[in-house]
Amino acid sequence: MKDNEEYLFFLEGRPIMIRIGKSVDVDGQIVYWAESNFRRAYYTLAENLEAALEKCVKKIKLAMKQQNKEVKLMKDDQAAALAEKYFFENYTNRTVIKEHLDEFWPGYMAEGETLTFTVKKCGDKDHAYDQDRLPEDPPTTVAIVYVNMLTGECDMIENKAELGWQ
């Protein structure tokens with residue numbers, strides 16, 4: 001693969017240019033990226049060229065459906081609130097939630113029609129947001145809630161092994 005490659009994608013007769021490239025992430029792994037010139041610059045990351053292209057095309061198709069008012073996604077903050085509620089109502093060990101609530105550090109990221117809501121345990125919250133210093137007690141993932149922003153359906157994965165709360 002050259003440094004950057006360009007692909008042409010046609011959606012509803014409209015030509016859309018997709019550029020693909022590869023870079024190295026912070027862990028030294030090769031990551032492929034794709035961006036398009038459709039409406040907003042849709043940008044995706046993936047472990048290989050084909051997956052980056054596929055993710056980019058999916059985002060473009062979803063954006064086209066939204067533009068044509070065929071699909072309406074809930075807003076990111078609504079989906080995050082739904083995910084947080086789901087976490088508090090469905091996390092299996094409620095004692096942990098009560099005892100460690102002040103150590104939880106939630107965050108979310110929306111990509112396409114899925115919002116990923118991550119709850120981390122961070123004993124040193126003051127350093128959790130400081131990019132220049134590593135916290136003495138690095139954040140540990142407690143749970144990840146996936147929200148389908150079309151349907152509002154939630155799924156949760158809980159981390160049991162790392163926390164030592166069981």
# chains A, B, ... in the order shown; residues from 1 in each chain; ligands from 1
>>> residues_around(residues="segment 74-86 of chain A", least_positions_apart="6", cutoff="12 Å", atoms="only C-alpha atoms", output="count of residues only")
33
>>> select_by_dssp(residues="segment 4-159 of chain A", states="alpha helix (DSSP H)", output="MDAnalysis selection string")
chainID A and resid 49:67 76:90 94:100 125:128
>>> closest_residue(among="A:Val71, A:Leu11, A:Ile20, A:Cys122", to="Leu53 of chain A", atoms="only C-alpha atoms")
A:Ile20
>>> select_by_dssp(residues="chain A", states="strand (DSSP E or B)", output="ChimeraX atom specification")
/A:4-11,14-24,30-36,43-46,104-111,114-121,140-148,154-158
>>> residues_around(residues="Ile30 of chain A", least_positions_apart="3", cutoff="12 Å", atoms="only C-alpha atoms", output="JSON, numbers by chain")
{"A": [21, 22, 23, 24, 25, 26, 27, 33, 45, 46, 47, 48, 49]}
>>> closest_residue(among="A:Ser36, A:Glu50, A:Asn159, A:Glu6", to="Ala63 of chain A", atoms="only C-alpha atoms")
A:Ser36
>>> atom_distance(atom1="atom CA of Gly28 of chain A", atom2="atom CA of Pro139 of chain A")
21.2 Å
